[in-house]
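Undergrad: The file below is final-v3.txt, compact mmCIF, C-alpha atoms:
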```
# COMPACT_ATOMS: atom_id res chain seq x y z
CA MET E 1 -7.11 82.26 -10.46
CA PRO E 2 -9.57 79.35 -11.07
CA SER E 3 -10.30 78.98 -14.74
CA ALA E 4 -13.99 78.33 -14.07
CA ASN E 5 -14.45 81.91 -12.90
CA ARG E 6 -12.95 83.26 -16.09
CA HIS E 7 -15.18 81.04 -18.21
CA ASP E 8 -18.29 82.01 -16.26
CA LEU E 9 -17.45 85.69 -16.49
CA PHE E 10 -17.51 85.63 -20.28
CA ALA E 11 -20.18 83.01 -20.81
CA ALA E 12 -22.72 85.81 -21.17
CA ALA E 13 -20.93 87.02 -24.28
CA ARG E 14 -21.55 83.78 -26.14
CA PRO E 15 -25.27 84.28 -26.86
CA LEU E 16 -24.48 87.69 -28.35
CA ARG E 17 -22.24 86.13 -30.97
CA ALA E 18 -24.58 83.22 -31.53
CA ALA E 19 -27.56 85.54 -31.92
CA ALA E 20 -25.90 87.40 -34.77
CA ALA E 21 -25.88 84.18 -36.79
CA THR E 22 -29.07 82.52 -35.43
CA ASP E 23 -31.17 83.21 -38.48
CA GLY E 24 -28.23 82.62 -40.77
CA PRO E 25 -27.31 84.56 -43.88
CA PRO E 26 -29.51 84.49 -46.99
CA ALA E 27 -29.07 81.23 -48.89
CA ASP E 28 -27.86 83.09 -51.98
CA LEU E 29 -25.03 84.73 -50.01
CA THR E 30 -23.99 81.40 -48.51
CA ALA E 31 -23.92 79.84 -51.97
CA LYS E 32 -21.98 82.83 -53.30
CA ALA E 33 -19.41 82.68 -50.50
CA LEU E 34 -18.85 78.98 -51.18
CA GLU E 35 -18.52 79.55 -54.91
CA ILE E 36 -15.98 82.31 -54.31
CA HIS E 37 -14.00 79.96 -52.10
CA ARG E 38 -14.24 77.17 -54.69
CA ARG E 39 -12.90 79.39 -57.49
CA LEU E 40 -10.12 81.09 -55.56
CA CYS E 41 -8.68 77.99 -53.89
CA PRO E 42 -7.01 76.60 -57.04
CA VAL E 43 -5.72 80.07 -57.94
CA TYR E 44 -3.89 80.53 -54.62
CA GLY E 45 -3.12 76.90 -53.82
CA CYS E 46 -5.28 75.59 -51.00
CA PRO E 47 -4.52 74.24 -48.52
CA ILE E 48 -2.26 77.20 -47.78
CA PRO E 49 0.60 76.57 -45.33
CA TYR E 50 0.46 78.52 -42.09
CA PHE E 51 2.98 81.36 -42.09
CA HIS E 52 3.50 81.33 -38.30
CA SER E 53 4.04 78.71 -35.63
CA LEU E 54 4.05 81.05 -32.66
CA ASP E 55 2.60 80.47 -29.23
CA PRO E 56 -0.63 82.47 -28.78
CA LEU E 57 0.88 85.21 -26.61
CA SER E 58 3.64 85.82 -29.15
CA GLU E 59 1.03 85.81 -31.91
CA LEU E 60 -0.86 88.47 -29.97
CA VAL E 61 2.22 90.71 -29.85
CA SER E 62 2.84 90.07 -33.55
CA SER E 63 -0.76 90.96 -34.40
CA LEU E 64 -0.61 94.20 -32.41
CA LEU E 65 2.54 95.19 -34.30
CA SER E 66 0.96 94.44 -37.69
CA HIS E 67 -1.89 96.96 -37.47
CA ARG E 68 -1.68 99.31 -40.48
CA THR E 69 1.85 98.06 -41.15
CA ARG E 70 3.34 96.06 -44.00
CA ASN E 71 4.02 92.43 -43.13
CA ALA E 72 7.74 92.77 -43.82
CA ASP E 73 8.05 95.73 -41.43
CA SER E 74 6.01 94.18 -38.64
CA GLY E 75 7.93 90.93 -39.05
CA ARG E 76 11.24 92.72 -38.62
CA ALA E 77 9.92 94.55 -35.57
CA PHE E 78 8.75 91.31 -33.99
CA LYS E 79 12.15 89.68 -34.52
CA ALA E 80 13.84 92.75 -33.05
CA LEU E 81 11.61 92.56 -29.96
CA ARG E 82 12.39 88.89 -29.49
CA ALA E 83 16.11 89.52 -29.83
CA ARG E 84 16.08 92.36 -27.30
CA PHE E 85 13.50 90.84 -24.93
CA PRO E 86 13.83 87.03 -25.05
CA ASP E 87 11.06 86.67 -22.48
CA TRP E 88 7.85 88.72 -22.60
CA ALA E 89 8.34 89.44 -18.90
CA ASP E 90 11.51 91.31 -19.89
CA LEU E 91 9.48 93.48 -22.25
CA LEU E 92 6.90 94.11 -19.56
CA ALA E 93 9.61 95.40 -17.24
CA ALA E 94 11.39 97.50 -19.88
CA PRO E 95 11.10 101.29 -20.25
CA VAL E 96 8.48 102.07 -22.85
CA ASP E 97 10.92 104.18 -24.87
CA ALA E 98 13.18 101.13 -25.26
CA ILE E 99 10.27 99.21 -26.77
CA GLU E 100 9.37 102.12 -29.02
CA GLU E 101 12.95 102.36 -30.27
CA THR E 102 13.02 98.61 -30.99
CA ILE E 103 9.82 98.68 -33.09
CA ARG E 104 10.46 102.01 -34.81
CA GLY E 105 9.95 100.43 -38.26
CA VAL E 106 6.20 99.91 -37.72
CA THR E 107 3.43 102.45 -38.08
CA TRP E 108 2.78 104.43 -34.88
CA PRO E 109 5.51 102.88 -32.67
CA GLU E 110 4.81 105.55 -30.05
CA LEU E 111 1.29 104.14 -29.66
CA LYS E 112 2.06 100.46 -30.08
CA ALA E 113 4.84 100.32 -27.50
CA PRO E 114 2.66 101.32 -24.50
CA ARG E 115 -0.29 99.37 -25.90
CA ILE E 116 1.69 96.13 -26.07
CA GLN E 117 2.82 96.61 -22.48
CA ALA E 118 -0.72 97.38 -21.35
CA VAL E 119 -2.11 94.29 -23.08
CA LEU E 120 0.57 92.05 -21.57
CA ARG E 121 -0.17 93.50 -18.12
CA ALA E 122 -3.86 92.76 -18.60
CA VAL E 123 -3.14 89.17 -19.63
CA GLU E 124 -0.90 88.67 -16.60
CA ALA E 125 -3.39 90.28 -14.22
CA ARG E 126 -6.40 88.35 -15.48
CA HIS E 127 -4.79 84.97 -16.08
CA GLY E 128 -2.11 85.04 -13.39
CA GLY E 129 0.75 84.62 -15.82
CA LEU E 130 2.12 85.58 -19.22
CA SER E 131 0.56 82.81 -21.28
CA LEU E 132 -2.49 82.35 -23.48
CA ASP E 133 -2.13 78.61 -23.94
CA PHE E 134 -5.25 78.06 -21.82
CA LEU E 135 -7.38 79.53 -24.64
CA GLY E 136 -7.00 76.21 -26.45
CA GLU E 137 -9.26 74.62 -23.82
CA MET E 138 -12.09 77.06 -24.57
CA THR E 139 -14.57 77.31 -27.41
CA VAL E 140 -13.69 79.76 -30.16
CA ASP E 141 -16.41 82.18 -29.08
CA ALA E 142 -15.39 82.06 -25.41
CA ALA E 143 -11.70 82.50 -26.26
CA ARG E 144 -12.43 85.48 -28.49
CA ALA E 145 -14.63 87.04 -25.79
CA TRP E 146 -11.82 86.63 -23.24
CA LEU E 147 -9.34 88.36 -25.54
CA GLU E 148 -11.67 91.13 -26.70
CA ALA E 149 -12.45 92.08 -23.11
CA ILE E 150 -8.90 93.49 -22.98
CA PRO E 151 -8.72 97.10 -24.24
CA GLY E 152 -6.76 97.23 -27.48
CA ILE E 153 -7.85 93.79 -28.73
CA GLY E 154 -10.57 93.75 -31.39
CA PRO E 155 -12.16 91.04 -33.54
CA LYS E 156 -9.35 90.89 -36.09
CA THR E 157 -6.67 90.46 -33.42
CA SER E 158 -8.61 87.88 -31.42
CA ALA E 159 -9.28 85.81 -34.54
CA ALA E 160 -5.65 86.10 -35.65
CA VAL E 161 -4.37 84.88 -32.27
CA LEU E 162 -6.58 81.79 -32.39
CA SER E 163 -6.12 81.03 -36.09
CA PHE E 164 -2.49 81.90 -36.79
CA SER E 165 -0.88 80.65 -33.56
CA VAL E 166 -0.09 77.04 -32.76
CA LEU E 167 -3.58 76.78 -31.27
CA ARG E 168 -4.89 76.48 -34.87
CA MET E 169 -8.49 77.18 -33.81
CA ALA E 170 -11.37 77.68 -36.24
CA ALA E 171 -11.60 81.47 -36.23
CA LEU E 172 -11.90 83.71 -39.32
CA PRO E 173 -9.75 86.86 -39.31
CA VAL E 174 -10.75 89.68 -41.66
CA ASP E 175 -8.06 92.15 -42.69
CA SER E 176 -8.45 95.24 -44.88
CA HIS E 177 -7.87 93.35 -48.15
CA HIS E 178 -10.29 90.56 -47.21
CA HIS E 179 -12.84 93.19 -46.17
CA ARG E 180 -12.50 95.17 -49.42
CA VAL E 181 -12.98 92.09 -51.60
CA ALA E 182 -16.01 90.99 -49.57
CA GLN E 183 -17.59 94.43 -49.98
CA ARG E 184 -17.02 94.55 -53.73
CA LEU E 185 -18.46 91.07 -54.10
CA GLY E 186 -21.56 92.07 -52.13
CA LEU E 187 -20.99 89.64 -49.25
CA ILE E 188 -21.25 92.57 -46.83
CA GLY E 189 -22.67 96.06 -47.16
CA PRO E 190 -20.61 98.93 -48.57
CA LYS E 191 -20.63 100.79 -45.24
CA MET E 192 -19.90 97.88 -42.92
CA ASP E 193 -16.64 98.27 -40.98
CA VAL E 194 -14.07 95.53 -40.60
CA GLY E 195 -14.96 94.69 -36.99
CA PRO E 196 -18.69 94.01 -37.49
CA SER E 197 -17.95 92.08 -40.69
CA HIS E 198 -16.32 89.21 -38.77
CA PRO E 199 -19.48 87.39 -37.57
CA ILE E 200 -21.29 88.10 -40.87
CA LEU E 201 -18.58 86.61 -43.07
CA ARG E 202 -18.10 83.68 -40.70
CA SER E 203 -21.82 82.90 -40.74
CA GLN E 204 -21.75 82.60 -44.53
CA LEU E 205 -19.36 79.64 -44.29
CA PRO E 206 -20.18 76.14 -43.01
CA ALA E 207 -20.27 75.89 -39.22
CA ASP E 208 -18.27 72.67 -39.31
CA TRP E 209 -15.37 74.03 -41.36
CA SER E 210 -11.97 73.23 -39.92
CA ALA E 211 -9.35 75.74 -38.85
CA GLN E 212 -7.52 75.05 -42.12
CA ASP E 213 -10.66 75.73 -44.17
CA LEU E 214 -11.22 79.09 -42.48
CA TYR E 215 -7.55 79.99 -42.68
CA ASP E 216 -7.64 79.22 -46.41
CA ASN E 217 -10.73 81.39 -46.84
CA HIS E 218 -9.07 84.34 -45.15
CA GLU E 219 -5.82 83.88 -47.06
CA ILE E 220 -7.34 83.54 -50.53
CA LEU E 221 -9.52 86.63 -50.10
CA MET E 222 -6.59 88.59 -48.66
CA LEU E 223 -4.27 87.46 -51.47
CA HIS E 224 -6.92 88.28 -54.06
CA GLY E 225 -7.17 91.76 -52.63
CA GLN E 226 -3.41 92.19 -52.74
CA GLN E 227 -2.82 90.74 -56.20
CA VAL E 228 -5.99 91.42 -58.21
CA CYS E 229 -8.71 93.38 -56.41
CA HIS E 230 -6.50 96.37 -55.65
CA HIS E 231 -7.72 99.35 -53.67
CA ARG E 232 -7.39 101.91 -56.46
CA LYS E 233 -7.41 100.01 -59.75
CA PRO E 234 -8.77 96.47 -59.44
CA ALA E 235 -7.61 94.20 -62.26
CA CYS E 236 -11.08 92.99 -63.18
CA CYS E 237 -9.82 91.78 -66.57
CA ARG E 238 -7.95 88.90 -64.89
CA CYS E 239 -10.35 88.17 -62.04
CA VAL E 240 -11.96 84.73 -61.86
CA LEU E 241 -14.86 86.24 -59.91
CA VAL E 242 -15.83 88.96 -62.35
CA ASP E 243 -19.25 87.45 -63.17
CA LEU E 244 -20.06 87.30 -59.43
CA CYS E 245 -18.95 90.85 -58.66
CA PRO E 246 -21.45 93.74 -58.72
CA SER E 247 -18.57 96.24 -58.61
CA ALA E 248 -16.98 94.72 -61.70
CA GLN E 249 -20.25 94.82 -63.61
CA VAL E 250 -20.65 98.54 -62.86
CA ALA E 251 -17.06 99.20 -63.89
CA TYR E 252 -17.58 97.41 -67.18
CA ARG E 253 -20.72 99.38 -67.97
CA GLU E 254 -19.24 102.77 -67.25
CA PRO E 255 -16.88 104.45 -69.77
```
Reformat the file's structure so that it appears as structure tokens.

TA:
Amino acid sequence: MPSANRHDLFAAARPLRAAAATDGPPADLTAKALEIHRRLCPVYGCPIPYFHSLDPLSELVSSLLSHRTRNADSGRAFKALRARFPDWADLLAAPVDAIEETIRGVTWPELKAPRIQAVLRAVEARHGGLSLDFLGEMTVDAARAWLEAIPGIGPKTSAAVLSFSVLRMAALPVDSHHHRVAQRLGLIGPKMDVGPSHPILRSQLPADWSAQDLYDNHEILMLHGQQVCHHRKPACCRCVLVDLCPSAQVAYREP
């Protein structure tokens, strides 16, 4: 399939993403996002080493496994898949119950097994092969649009594939921890879901930031959510952002 056709097909999606950030975020939110990044980077050790060096198709499978699953469990499931199916074509041809049995340690293996097969089939059908390496020749917005056109791939997964894989593209993933911290800090509204938060949080950061810069931003906010800004009982007493956090100020005022 000629690549030009694929690019043209999704070119219409680019203005939609660009339009969301055309006016830009309020200057105070941009300044706040940068100050948060500045304070957290020394705490968590920027630049943070990448935790994966997977090809983009393997990163896609890994990301699909990780949904609502602890990293240790999804990591074990990914290694088990690779051991049992050394080539993704082998997985595509396998009985779905064999895949489910292999990934039984993740959340909802009965849903993820057929979903992974369906996504791989879609990649093969649309690209003509089981590879996503061609995404590296596209802009970030075009590559994300190509991925998100496949049912089962949302903004978090598309950004993860581009950022975490060996493509090392400048995309900003937002996971549940990152999202929670951003809400408490007032970077996004209290009712905004994870998916729609992606373009908002990206627009608050410099357009010319590198892939490493954006990866660091995701990692430090995620780590802060895991280690300090917990879901149930945030440790505001040892948070370097407490003076910037509306949630912390309310907590301190209330008995």

Undergrad: Looking at E:Ala182, E:Cys239, E:Leu64, E:Met138, which one is nearest to Lys32 (chain E), with distances taken over only C-alpha atoms?

TA: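 Smallest distance to Lys32 (chain E) is found for E:Ala182.
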
Undergrad: Under the rule that only C-alpha atoms are counted, which of E:Ile36, E:Ala142, E:Ile116, E:Val181 is the nearest residue to Leu223 (chain E)?

TA: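 Closest to Leu223 (chain E) of all the choices is E:Val181.
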
Undergrad: Do you have the CA of Arg184 (chain E)-CA of Pro42 (chain E) distance handy?

TA: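 Interatomic distance, CA of Arg184 (chain E) to CA of Pro42 (chain E): 20.8 Å.
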
Undergrad: Taking all atoms listed in the file into account, name the residue in E:Gly129, E:Pro234, E:Pro109, E:Gly136 that is nearest to Val166 (chain E).

TA: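 Result for the nearest residue to Val166 (chain E): E:Gly136.
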
Undergrad: Mind giving me the straight-line distance from CA of Ala145 (chain E) to CA of Leu162 (chain E) in Å, one decimal?

TA: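 Computed distance, CA of Ala145 (chain E) to CA of Leu162 (chain E), equals 11.7 Å.
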
Undergrad: At a cut-off of 10 Å around the point (8.3, 99.5, -27.0) (file coordinates), what residues fall inside when counting all atoms listed in the file? I'd like the answer as a ChimeraX atom specification.

TA: /E:81,91-92,94-104,109-117

Undergrad: Out of E:Ala235, E:Val140, E:Leu221, E:Cys245, which residue has the shortest atom-to-atom distance to Leu40 (chain E) when counting only C-alpha atoms?

TA: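 With only C-alpha atoms as the atom set, the closest residue is E:Leu221.
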
Undergrad: With only C-alpha atoms as the counted atoms, please give the residues lying no more than 12 Å from Met169 (chain E), apart from itself and same-chain residues fewer than 5 positions off, as a list of chain:residue names.

TA: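 Selected residues are E:Pro56, E:Asp133, E:Leu135, E:Gly136, E:Glu137, E:Met138, E:Thr139, E:Val140, E:Asp141, E:Ala142, E:Ala143, E:Arg144, E:Ser158, E:Ala159, E:Ala160, E:Val161, E:Leu162, E:Ser163, E:Phe164, E:Trp209, E:Ser210, E:Ala211, E:Gln212, E:Asp213, E:Leu214, E:Tyr215.
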
Undergrad: Using all atoms listed in the file, pick whichever of E:Val250, E:Asp216, E:Gly186, E:Cys237 has the shortest atom-to-atom distance to Ala33 (chain E).

TA: E:Gly186

Undergrad: Please identify all polymer residues within 9 Å of His177 (chain E), counting all atoms listed in the file, omitting same-chain residues fewer than 5 positions from it, and present them as a PyMOL selection string.

TA: chain E and resi 182+221-226+229-231

Undergrad: Record the distance separating CA of Arg68 (chain E) and CA of Thr107 (chain E), expressed in Å with one decimal.

TA: 6.5 Å
